[in-house]
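Enquirer: Pasting start.cif below, which is mmCIF, C-alpha atoms.
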```
data_query
#
loop_
_atom_site.label_atom_id
_atom_site.label_comp_id
_atom_site.auth_asym_id
_atom_site.auth_seq_id
_atom_site.Cartn_x
_atom_site.Cartn_y
_atom_site.Cartn_z
CA MET A 1 0.00 0.00 0.00
CA ASP A 2 1.25 3.46 -0.91
CA ARG A 3 2.06 5.66 2.11
CA SER A 4 -0.34 8.29 0.78
CA ASP A 5 -3.19 5.78 1.23
CA LYS A 6 -2.57 5.74 5.00
CA ILE A 7 -2.29 9.44 5.71
CA LYS A 8 -4.31 12.43 4.63
CA LEU A 9 -2.32 14.48 2.14
CA THR A 10 -3.04 18.16 1.88
CA LEU A 11 -0.76 18.83 -1.09
CA PRO A 12 -1.34 17.67 -4.68
CA LYS A 13 0.53 14.42 -5.40
CA GLU A 14 1.54 15.35 -8.93
CA GLU A 15 5.14 16.44 -9.49
CA TRP A 16 6.07 18.67 -12.43
CA LEU A 17 9.75 18.82 -11.55
CA GLY A 18 11.91 15.75 -12.02
CA HIS A 19 14.70 14.45 -9.82
CA GLY A 20 18.27 15.69 -9.84
CA ASN A 21 17.94 19.46 -9.68
CA LEU A 22 21.08 21.52 -9.04
CA GLY A 23 19.77 23.51 -6.06
CA CYS A 24 21.80 23.82 -2.88
CA GLN A 25 20.80 21.73 0.12
CA GLY A 26 17.87 23.34 1.88
CA CYS A 27 17.12 25.67 -1.06
CA GLY A 28 13.87 27.54 -0.42
CA GLY A 29 13.61 28.60 -4.06
CA THR A 30 13.48 24.98 -5.19
CA LEU A 31 10.55 24.27 -2.87
CA ALA A 32 8.81 27.42 -4.06
CA LEU A 33 8.67 26.32 -7.70
CA ARG A 34 7.84 22.73 -6.79
CA TYR A 35 4.76 23.90 -4.83
CA THR A 36 3.81 26.42 -7.52
CA LEU A 37 3.76 23.77 -10.23
CA LYS A 38 1.74 21.44 -8.00
CA ALA A 39 -0.86 24.20 -7.95
CA LEU A 40 -0.74 25.04 -11.66
CA GLY A 41 -0.44 21.56 -13.21
CA LYS A 42 0.96 20.84 -16.66
CA ARG A 43 -0.80 23.59 -18.69
CA VAL A 44 1.82 26.22 -17.98
CA ILE A 45 4.69 27.96 -19.79
CA ILE A 46 7.47 29.29 -17.53
CA THR A 47 9.68 32.26 -18.31
CA ILE A 48 12.89 32.41 -16.28
CA PRO A 49 15.53 35.18 -16.36
CA ALA A 50 19.04 34.97 -14.96
CA CYS A 51 18.60 33.75 -11.38
CA CYS A 52 19.24 30.63 -9.27
CA TRP A 53 16.55 28.77 -11.21
CA ALA A 54 18.43 29.40 -14.46
CA VAL A 55 20.93 26.89 -13.02
CA ILE A 56 18.80 24.69 -10.75
CA GLY A 57 16.80 23.29 -13.67
CA GLY A 58 19.89 21.77 -15.30
CA PHE A 59 21.78 22.34 -18.53
CA PHE A 60 20.83 21.24 -22.06
CA PRO A 61 20.03 18.47 -22.88
CA PHE A 62 19.21 17.65 -19.24
CA THR A 63 16.37 19.35 -17.40
CA VAL A 64 14.11 18.76 -14.42
CA PHE A 65 11.20 20.60 -16.05
CA LYS A 66 8.22 18.50 -17.11
CA VAL A 67 6.49 21.59 -18.50
CA PRO A 68 7.61 24.06 -21.21
CA SER A 69 10.11 26.65 -20.04
CA THR A 70 12.23 29.36 -21.58
CA GLN A 71 15.23 31.29 -20.28
CA ILE A 72 15.60 34.92 -21.24
CA ALA A 73 17.63 38.03 -20.44
CA PHE A 74 17.74 39.30 -16.86
CA GLU A 75 15.52 42.33 -17.47
CA ALA A 76 12.97 40.77 -19.81
CA THR A 77 10.66 38.50 -17.78
CA GLY A 78 7.65 40.82 -17.96
CA ALA A 79 8.14 41.50 -21.68
CA CYS A 80 8.56 37.80 -22.47
CA CYS A 81 5.40 36.91 -20.52
CA ALA A 82 3.51 39.58 -22.45
CA GLY A 83 4.74 38.17 -25.77
CA ILE A 84 3.84 34.59 -24.91
CA GLU A 85 0.40 35.66 -23.70
CA ALA A 86 -0.21 37.59 -26.93
CA GLY A 87 0.89 34.61 -29.02
CA LEU A 88 -1.39 32.21 -27.19
CA LYS A 89 -4.25 34.68 -27.57
CA ALA A 90 -3.64 34.93 -31.31
CA LYS A 91 -3.87 31.13 -31.55
CA GLY A 92 -7.03 31.01 -29.49
CA ILE A 93 -5.39 29.06 -26.66
CA GLU A 94 -6.95 30.04 -23.35
CA ASP A 95 -6.16 27.21 -20.92
CA VAL A 96 -2.41 27.81 -20.48
CA THR A 97 -1.02 29.81 -17.57
CA VAL A 98 1.84 32.10 -18.54
CA LEU A 99 4.17 32.17 -15.54
CA GLY A 100 6.98 34.65 -14.99
CA TRP A 101 9.37 33.14 -12.45
CA ALA A 102 12.17 35.39 -11.20
CA GLY A 103 14.27 36.05 -8.14
CA ASP A 104 14.21 39.29 -6.19
CA GLY A 105 17.07 40.85 -8.17
CA GLY A 106 15.37 40.13 -11.49
CA THR A 107 12.10 41.48 -10.09
CA ALA A 108 12.74 44.40 -7.75
CA ASP A 109 15.82 45.74 -9.55
CA ILE A 110 16.72 44.65 -13.08
CA GLY A 111 13.31 43.44 -14.24
CA ILE A 112 10.96 45.95 -12.62
CA GLN A 113 10.58 48.10 -15.74
CA ALA A 114 9.40 45.25 -18.00
CA LEU A 115 7.16 43.89 -15.23
CA SER A 116 5.55 47.26 -14.58
CA GLY A 117 4.98 47.83 -18.30
CA ALA A 118 3.37 44.42 -18.84
CA VAL A 119 1.07 44.96 -15.88
CA GLU A 120 0.12 48.46 -17.04
CA ARG A 121 -0.84 46.98 -20.43
CA ASN A 122 -3.06 44.51 -18.58
CA HIS A 123 -1.50 41.35 -20.01
CA ASN A 124 -2.97 38.13 -18.69
CA PHE A 125 -0.14 36.41 -16.81
CA LEU A 126 0.99 35.30 -13.37
CA TYR A 127 4.29 36.69 -12.09
CA ILE A 128 5.96 35.13 -9.06
CA CYS A 129 9.03 36.51 -7.34
CA TYR A 130 10.85 33.95 -5.21
CA ASP A 131 12.63 36.19 -2.76
CA ASN A 132 15.90 34.98 -1.25
CA GLU A 133 16.85 38.59 -0.52
CA ALA A 134 20.02 38.91 -2.63
CA TYR A 135 21.61 37.92 -5.95
CA MET A 136 22.36 34.35 -4.85
CA ASN A 137 23.15 32.96 -8.31
CA THR A 138 26.18 35.21 -8.70
CA GLY A 139 27.60 35.17 -5.19
CA GLY A 140 25.13 36.71 -2.76
CA GLN A 141 25.32 40.39 -3.68
CA LYS A 142 22.87 42.93 -2.23
CA SER A 143 19.56 43.36 -4.04
CA GLY A 144 16.71 45.83 -3.58
CA CYS A 145 15.01 43.15 -1.45
CA THR A 146 17.95 42.64 0.90
CA PRO A 147 16.74 43.71 4.35
CA LEU A 148 18.25 46.47 6.46
CA GLY A 149 21.24 45.26 8.46
CA ALA A 150 22.03 42.18 6.37
CA ARG A 151 25.56 41.16 5.51
CA THR A 152 26.08 40.29 1.84
CA THR A 153 29.18 40.03 -0.32
CA THR A 154 28.68 43.64 -1.43
CA THR A 155 27.60 44.86 2.02
CA PRO A 156 30.30 43.22 4.17
CA VAL A 157 30.58 43.92 7.87
CA GLY A 158 34.37 44.16 8.08
CA THR A 159 35.74 46.67 10.59
CA ARG A 160 33.56 49.56 9.36
CA GLY A 161 30.10 48.00 9.50
CA TYR A 162 29.19 48.21 5.80
CA TRP A 163 26.07 46.08 6.21
CA LYS A 164 22.89 46.97 4.26
CA LYS A 165 21.92 50.51 5.29
CA SER A 166 18.59 50.91 3.53
CA TRP A 167 15.19 49.26 3.89
CA LYS A 168 13.96 46.39 1.74
CA LYS A 169 11.76 47.35 -1.23
CA ASN A 170 8.13 46.49 -0.56
CA MET A 171 7.37 44.79 -3.89
CA PRO A 172 3.83 43.60 -3.00
CA GLU A 173 2.81 47.20 -2.25
CA ILE A 174 4.57 48.47 -5.39
CA MET A 175 2.59 45.97 -7.47
CA ALA A 176 -0.63 46.72 -5.60
CA ALA A 177 -0.17 50.36 -6.60
CA HIS A 178 -0.69 49.19 -10.20
CA LYS A 179 -4.27 48.29 -9.16
CA MET A 180 -3.80 44.65 -10.18
CA PRO A 181 -6.69 42.26 -9.54
CA TYR A 182 -4.58 40.03 -7.29
CA VAL A 183 -1.40 40.46 -5.22
CA ALA A 184 -0.28 38.09 -2.46
CA THR A 185 2.63 37.08 -0.27
CA ALA A 186 3.54 33.48 0.57
CA CYS A 187 6.32 31.51 2.25
CA ILE A 188 7.67 28.04 1.49
CA SER A 189 7.17 27.13 5.16
CA TYR A 190 3.39 27.27 4.64
CA PRO A 191 2.85 25.20 1.47
CA GLU A 192 -0.93 24.87 1.85
CA ASP A 193 -1.30 28.65 1.98
CA LEU A 194 1.11 29.06 -0.95
CA ILE A 195 -0.69 26.54 -3.16
CA LYS A 196 -4.09 27.98 -2.32
CA LYS A 197 -2.95 31.44 -3.41
CA VAL A 198 -1.37 30.20 -6.65
CA LYS A 199 -4.57 28.32 -7.53
CA LYS A 200 -6.66 31.41 -6.81
CA ALA A 201 -4.34 33.58 -8.90
CA SER A 202 -4.43 31.15 -11.83
CA ALA A 203 -8.21 31.46 -12.02
CA ILE A 204 -8.18 35.29 -12.22
CA GLN A 205 -7.91 37.17 -15.51
CA GLY A 206 -5.33 39.91 -15.94
CA PRO A 207 -1.91 40.43 -14.38
CA ARG A 208 -1.34 38.80 -11.00
CA TYR A 209 1.63 38.93 -8.64
CA ILE A 210 2.76 36.66 -5.78
CA HIS A 211 5.84 37.35 -3.64
CA ILE A 212 7.25 34.17 -2.05
CA LEU A 213 9.83 34.27 0.73
CA ALA A 214 12.41 31.59 -0.08
CA PRO A 215 15.10 31.32 2.64
CA CYS A 216 18.64 30.60 1.42
CA PRO A 217 20.92 28.71 3.82
CA THR A 218 24.00 29.37 1.68
CA ALA A 219 23.91 33.15 2.01
CA TRP A 220 21.72 33.66 5.07
CA GLY A 221 24.07 31.63 7.22
CA TYR A 222 22.11 28.78 8.80
CA SER A 223 22.15 24.98 8.48
CA PRO A 224 20.20 23.62 5.46
CA GLU A 225 17.84 21.53 7.58
CA LYS A 226 16.51 24.74 9.20
CA THR A 227 15.04 26.31 6.04
CA ILE A 228 11.42 25.61 6.99
CA ALA A 229 11.99 26.75 10.58
CA VAL A 230 13.62 30.02 9.48
CA GLY A 231 10.70 30.73 7.13
CA ARG A 232 8.26 30.18 9.99
CA LEU A 233 10.23 32.55 12.21
CA ALA A 234 9.92 35.24 9.51
CA VAL A 235 6.14 34.86 9.45
CA GLU A 236 5.58 34.38 13.19
CA SER A 237 7.67 37.45 14.03
CA CYS A 238 5.69 39.49 11.43
CA VAL A 239 8.91 40.30 9.58
CA PHE A 240 7.25 38.72 6.52
CA PRO A 241 3.43 38.76 6.93
CA LEU A 242 1.24 36.50 4.81
CA TYR A 243 -1.62 38.34 3.14
CA GLU A 244 -3.43 38.87 -0.13
CA ILE A 245 -4.93 41.89 -1.89
CA GLU A 246 -7.87 40.99 -4.11
CA ASN A 247 -9.29 43.94 -6.07
CA GLY A 248 -7.88 46.28 -3.46
CA ILE A 249 -9.24 44.36 -0.45
CA TYR A 250 -6.61 43.27 2.06
CA LYS A 251 -6.84 39.94 3.88
CA ILE A 252 -4.19 38.62 6.27
CA THR A 253 -4.03 34.84 5.84
CA LYS A 254 -1.81 34.07 8.82
CA LYS A 255 -2.05 35.92 12.11
CA PRO A 256 0.45 34.63 14.68
CA THR A 257 -1.33 33.54 17.85
CA LYS A 258 1.73 34.67 19.79
CA LYS A 259 4.14 36.92 17.92
CA ILE A 260 7.70 35.86 18.56
CA PRO A 261 10.46 38.46 19.15
CA VAL A 262 11.99 39.88 15.98
CA GLU A 263 15.48 39.24 17.32
CA GLU A 264 14.72 35.51 17.44
CA TYR A 265 14.34 35.61 13.67
CA LEU A 266 17.33 37.88 13.07
CA LEU A 267 19.76 35.97 15.27
CA SER A 268 18.81 32.62 13.72
CA GLN A 269 20.99 33.65 10.75
CA GLY A 270 24.66 34.48 10.36
CA ARG A 271 23.96 37.49 8.13
CA PHE A 272 22.53 39.39 11.12
CA LYS A 273 24.90 38.19 13.88
CA HIS A 274 26.85 41.46 13.87
CA LEU A 275 23.87 43.72 14.55
CA PRO A 276 24.15 45.97 17.61
CA ASN A 277 21.22 45.91 20.04
CA GLU A 278 20.09 49.41 19.11
CA LEU A 279 19.72 48.46 15.43
CA ILE A 280 17.81 45.29 16.34
CA GLU A 281 15.47 47.48 18.39
CA PHE A 282 15.13 49.92 15.47
CA ILE A 283 14.19 47.05 13.14
CA ARG A 284 11.73 45.64 15.70
CA LYS A 285 9.92 48.96 15.99
CA ASN A 286 9.60 49.19 12.22
CA VAL A 287 8.27 45.60 12.00
CA ASP A 288 5.67 46.41 14.67
CA LYS A 289 4.70 49.63 12.87
CA GLU A 290 4.23 47.90 9.51
CA TRP A 291 2.23 45.07 11.12
CA GLU A 292 -0.13 47.60 12.71
CA GLU A 293 -0.52 49.37 9.38
CA LEU A 294 -1.35 46.05 7.69
CA LEU A 295 -3.99 45.28 10.31
CA LYS A 296 -5.59 48.69 9.65
CA LYS A 297 -5.59 48.09 5.88
CA GLU A 298 -7.43 44.82 6.44
CA GLN A 299 -10.16 46.66 8.35
CA HIS A 300 -10.94 49.02 5.44
#
```
Rewrite the structure from the file as structure tokens, please.

Expert:
Amino acid sequence: MDRSDKIKLTLPKEEWLGHGNLGCQGCGGTLALRYTLKALGKRVIITIPACCWAVIGGFFPFTVFKVPSTQIAFEATGACCAGIEAGLKAKGIEDVTVLGWAGDGGTADIGIQALSGAVERNHNFLYICYDNEAYMNTGGQKSGCTPLGARTTTTPVGTRGYWKKSWKKNMPEIMAAHKMPYVATACISYPEDLIKKVKKASAIQGPRYIHILAPCPTAWGYSPEKTIAVGRLAVESCVFPLYEIENGIYKITKKPTKKIPVEEYLLSQGRFKHLPNELIEFIRKNVDKEWEELLKKEQH
């Protein structure tokens, strides 16, 4: 008897990624795409720019993808999605999800122009940013989504404290400002929530955006087996809240029953070990402020 016959499974059984991917041990980005494809099924075309997933999938002629995929220039994910969507429309094909799949660098920095343009033109596609909070494919350099205080290879601590000095870009709010029909956040540590949001997004017409937190043990500085735990700490400390915005209406999908201290999340990772207490307190106050603002948005 198959093990799945004995226990109640909450996730789809189908796998649209094969074995032997080239992700690091404990890679959150690998889980993110695996769950996303479980939600979308086989009628999907993926567009991937330069990012970790440009490598994880394997090199020609070997690939882990069981669905069509294309790799394009770093800045072009939004434009490529728009082109594929227009081509499918011209052929009268309506049951294929066009998926833009990019990291935070290719979304918040290099690819934001093409993404914003495609959304403004109201192309029908789903864009997902898997956010590991730096350019991990090329050595862990700072991105626009790297959080304040983080050590990266381009924001080293050294003797002068050159850690990240600016706040992380709030991409979900930037995309919500485009008045898209659906924007959401998700985390690989909550796969049921993630899959539910991807399924909902796939059924909506027009541009849709989901921002997935994908912890990276290689650059964040924790042991690979702790990826799920670190993601949960991000959500339960309200550093990374889970919510969705459907036609402008906010809904928080995970409210911690007992919010854990922000420093518990920060000090679980080597990239924050250098932070002085006053900066940790500064970050905590900002997390609390943004959580209160999110609660107010949900009430309106």

Enquirer: Under the PyMOL selection byres ((chain A and resi 97-105) around 7), which residues of this model are included? Write them out as a CSV table (one decimal) with C-alpha atoms, keeping the file's coordinate frame.

Expert:
```csv
chain,number,residue,atom,x,y,z
A,43,ARG,CA,-0.8,23.6,-18.7
A,44,VAL,CA,1.8,26.2,-18.0
A,45,ILE,CA,4.7,28.0,-19.8
A,46,ILE,CA,7.5,29.3,-17.5
A,47,THR,CA,9.7,32.3,-18.3
A,48,ILE,CA,12.9,32.4,-16.3
A,49,PRO,CA,15.5,35.2,-16.4
A,51,CYS,CA,18.6,33.8,-11.4
A,77,THR,CA,10.7,38.5,-17.8
A,78,GLY,CA,7.6,40.8,-18.0
A,81,CYS,CA,5.4,36.9,-20.5
A,85,GLU,CA,0.4,35.7,-23.7
A,95,ASP,CA,-6.2,27.2,-20.9
A,96,VAL,CA,-2.4,27.8,-20.5
A,106,GLY,CA,15.4,40.1,-11.5
A,107,THR,CA,12.1,41.5,-10.1
A,108,ALA,CA,12.7,44.4,-7.8
A,109,ASP,CA,15.8,45.7,-9.6
A,110,ILE,CA,16.7,44.6,-13.1
A,125,PHE,CA,-0.1,36.4,-16.8
A,126,LEU,CA,1.0,35.3,-13.4
A,127,TYR,CA,4.3,36.7,-12.1
A,128,ILE,CA,6.0,35.1,-9.1
A,129,CYS,CA,9.0,36.5,-7.3
A,130,TYR,CA,10.8,34.0,-5.2
A,131,ASP,CA,12.6,36.2,-2.8
A,132,ASN,CA,15.9,35.0,-1.2
A,133,GLU,CA,16.8,38.6,-0.5
A,134,ALA,CA,20.0,38.9,-2.6
A,135,TYR,CA,21.6,37.9,-6.0
A,143,SER,CA,19.6,43.4,-4.0
A,144,GLY,CA,16.7,45.8,-3.6
A,145,CYS,CA,15.0,43.2,-1.4
A,202,SER,CA,-4.4,31.2,-11.8
```

Enquirer: Report as a PyMOL selection string all protein, DNA and RNA residues lying within 12 Å of Gly29 in chain A, evaluated on all atoms listed in the file, omitting residues in the same chain fewer than 5 positions from it.

Expert: chain A and resi 21-24+34-36+51-57+101-104+128-133+136-137+187-189+211-218+227-228+231

Enquirer: Which is closer to Tyr265 in chain A than all the others in A:Leu242, A:Ile283, A:Val230, A:Ile93, using all atoms listed in the file?

Expert: A:Val230

Enquirer: CA of Gly28 in chain A and CA of Gly161 in chain A, how far apart in Å?

Expert: 27.9 Å

Enquirer: Measuring between only C-alpha atoms, which one of A:Ile84, A:Ala229, A:Cys238, A:Leu40 shows the shortest distance to Glu15 in chain A?

Expert: A:Leu40

Enquirer: Could you expand the PyMOL selection byres ((chain A and resi 149) around 8) into the explicit residues it covers here, written as a PDB file with C-alpha atoms, in the coordinates of the input?

Expert:
```
ATOM      1  CA  PRO A 147      16.740  43.710   4.350  1.00  0.00           C
ATOM      2  CA  LEU A 148      18.250  46.470   6.460  1.00  0.00           C
ATOM      3  CA  ALA A 150      22.030  42.180   6.370  1.00  0.00           C
ATOM      4  CA  ARG A 151      25.560  41.160   5.510  1.00  0.00           C
ATOM      5  CA  TRP A 163      26.070  46.080   6.210  1.00  0.00           C
ATOM      6  CA  LYS A 164      22.890  46.970   4.260  1.00  0.00           C
ATOM      7  CA  LYS A 165      21.920  50.510   5.290  1.00  0.00           C
ATOM      8  CA  SER A 166      18.590  50.910   3.530  1.00  0.00           C
ATOM      9  CA  PHE A 272      22.530  39.390  11.120  1.00  0.00           C
ATOM     10  CA  LEU A 275      23.870  43.720  14.550  1.00  0.00           C
ATOM     11  CA  LEU A 279      19.720  48.460  15.430  1.00  0.00           C
TER      12      LEU A 279
END
```

Enquirer: Hey, which of A:Lys38, A:Gly270, A:Arg208, A:Lys89 ends up closest to Leu115 in chain A? Count only C-alpha atoms.

Expert: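 Comparing A:Lys38, A:Gly270, A:Arg208, A:Lys89 against Leu115 in chain A, the winner is A:Arg208.
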
Enquirer: Hey, which of A:Ala76, A:Leu88, A:Ala118, A:Ile252 ends up closest to Asp193 in chain A? Count all atoms listed in the file.

Expert: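 For Asp193 in chain A, the nearest of the given residues is A:Ile252.
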
Enquirer: N, CA, C and O atoms are what I want for range 155-167 of chain A; can you complete it accordingly and write them as a PDB file, keeping the file's coordinate frame?

Expert:
```pdb
ATOM      1  N   THR A 155      27.818  44.060   0.798  1.00  0.00           N
ATOM      2  CA  THR A 155      27.600  44.860   2.020  1.00  0.00           C
ATOM      3  C   THR A 155      28.260  44.114   3.178  1.00  0.00           C
ATOM      4  O   THR A 155      27.591  43.673   4.115  1.00  0.00           O
ATOM      5  N   PRO A 156      29.589  43.986   3.130  1.00  0.00           N
ATOM      6  CA  PRO A 156      30.300  43.220   4.170  1.00  0.00           C
ATOM      7  C   PRO A 156      30.345  43.987   5.487  1.00  0.00           C
ATOM      8  O   PRO A 156      30.258  45.212   5.509  1.00  0.00           O
ATOM      9  N   VAL A 157      30.501  43.271   6.564  1.00  0.00           N
ATOM     10  CA  VAL A 157      30.580  43.920   7.870  1.00  0.00           C
ATOM     11  C   VAL A 157      31.962  44.521   8.082  1.00  0.00           C
ATOM     12  O   VAL A 157      32.112  45.720   8.328  1.00  0.00           O
ATOM     13  N   GLY A 158      33.000  43.688   7.919  1.00  0.00           N
ATOM     14  CA  GLY A 158      34.370  44.160   8.080  1.00  0.00           C
ATOM     15  C   GLY A 158      34.596  44.878   9.397  1.00  0.00           C
ATOM     16  O   GLY A 158      33.972  44.561  10.407  1.00  0.00           O
ATOM     17  N   THR A 159      35.468  45.881   9.378  1.00  0.00           N
ATOM     18  CA  THR A 159      35.740  46.670  10.590  1.00  0.00           C
ATOM     19  C   THR A 159      34.956  47.984  10.593  1.00  0.00           C
ATOM     20  O   THR A 159      34.985  48.725  11.562  1.00  0.00           O
ATOM     21  N   ARG A 160      34.245  48.270   9.465  1.00  0.00           N
ATOM     22  CA  ARG A 160      33.560  49.560   9.360  1.00  0.00           C
ATOM     23  C   ARG A 160      32.035  49.419   9.327  1.00  0.00           C
ATOM     24  O   ARG A 160      31.335  50.419   9.171  1.00  0.00           O
ATOM     25  N   GLY A 161      31.541  48.188   9.435  1.00  0.00           N
ATOM     26  CA  GLY A 161      30.100  48.000   9.500  1.00  0.00           C
ATOM     27  C   GLY A 161      29.361  48.388   8.238  1.00  0.00           C
ATOM     28  O   GLY A 161      28.390  49.141   8.272  1.00  0.00           O
ATOM     29  N   TYR A 162      29.806  47.862   7.080  1.00  0.00           N
ATOM     30  CA  TYR A 162      29.190  48.210   5.800  1.00  0.00           C
ATOM     31  C   TYR A 162      27.984  47.312   5.480  1.00  0.00           C
ATOM     32  O   TYR A 162      27.772  46.953   4.337  1.00  0.00           O
ATOM     33  N   TRP A 163      27.238  46.901   6.506  1.00  0.00           N
ATOM     34  CA  TRP A 163      26.070  46.080   6.210  1.00  0.00           C
ATOM     35  C   TRP A 163      25.007  46.906   5.510  1.00  0.00           C
ATOM     36  O   TRP A 163      25.108  48.144   5.440  1.00  0.00           O
ATOM     37  N   LYS A 164      23.930  46.267   5.029  1.00  0.00           N
ATOM     38  CA  LYS A 164      22.890  46.970   4.260  1.00  0.00           C
ATOM     39  C   LYS A 164      22.310  48.106   5.113  1.00  0.00           C
ATOM     40  O   LYS A 164      21.853  47.883   6.232  1.00  0.00           O
ATOM     41  N   LYS A 165      22.322  49.328   4.536  1.00  0.00           N
ATOM     42  CA  LYS A 165      21.920  50.510   5.290  1.00  0.00           C
ATOM     43  C   LYS A 165      20.517  51.004   4.956  1.00  0.00           C
ATOM     44  O   LYS A 165      20.042  51.942   5.597  1.00  0.00           O
ATOM     45  N   SER A 166      19.911  50.420   3.936  1.00  0.00           N
ATOM     46  CA  SER A 166      18.590  50.910   3.530  1.00  0.00           C
ATOM     47  C   SER A 166      17.546  49.804   3.699  1.00  0.00           C
ATOM     48  O   SER A 166      17.864  48.615   3.789  1.00  0.00           O
ATOM     49  N   TRP A 167      16.261  50.213   3.703  1.00  0.00           N
ATOM     50  CA  TRP A 167      15.190  49.260   3.890  1.00  0.00           C
ATOM     51  C   TRP A 167      14.954  48.417   2.649  1.00  0.00           C
ATOM     52  O   TRP A 167      15.285  48.815   1.531  1.00  0.00           O
TER      53      TRP A 167
END
```
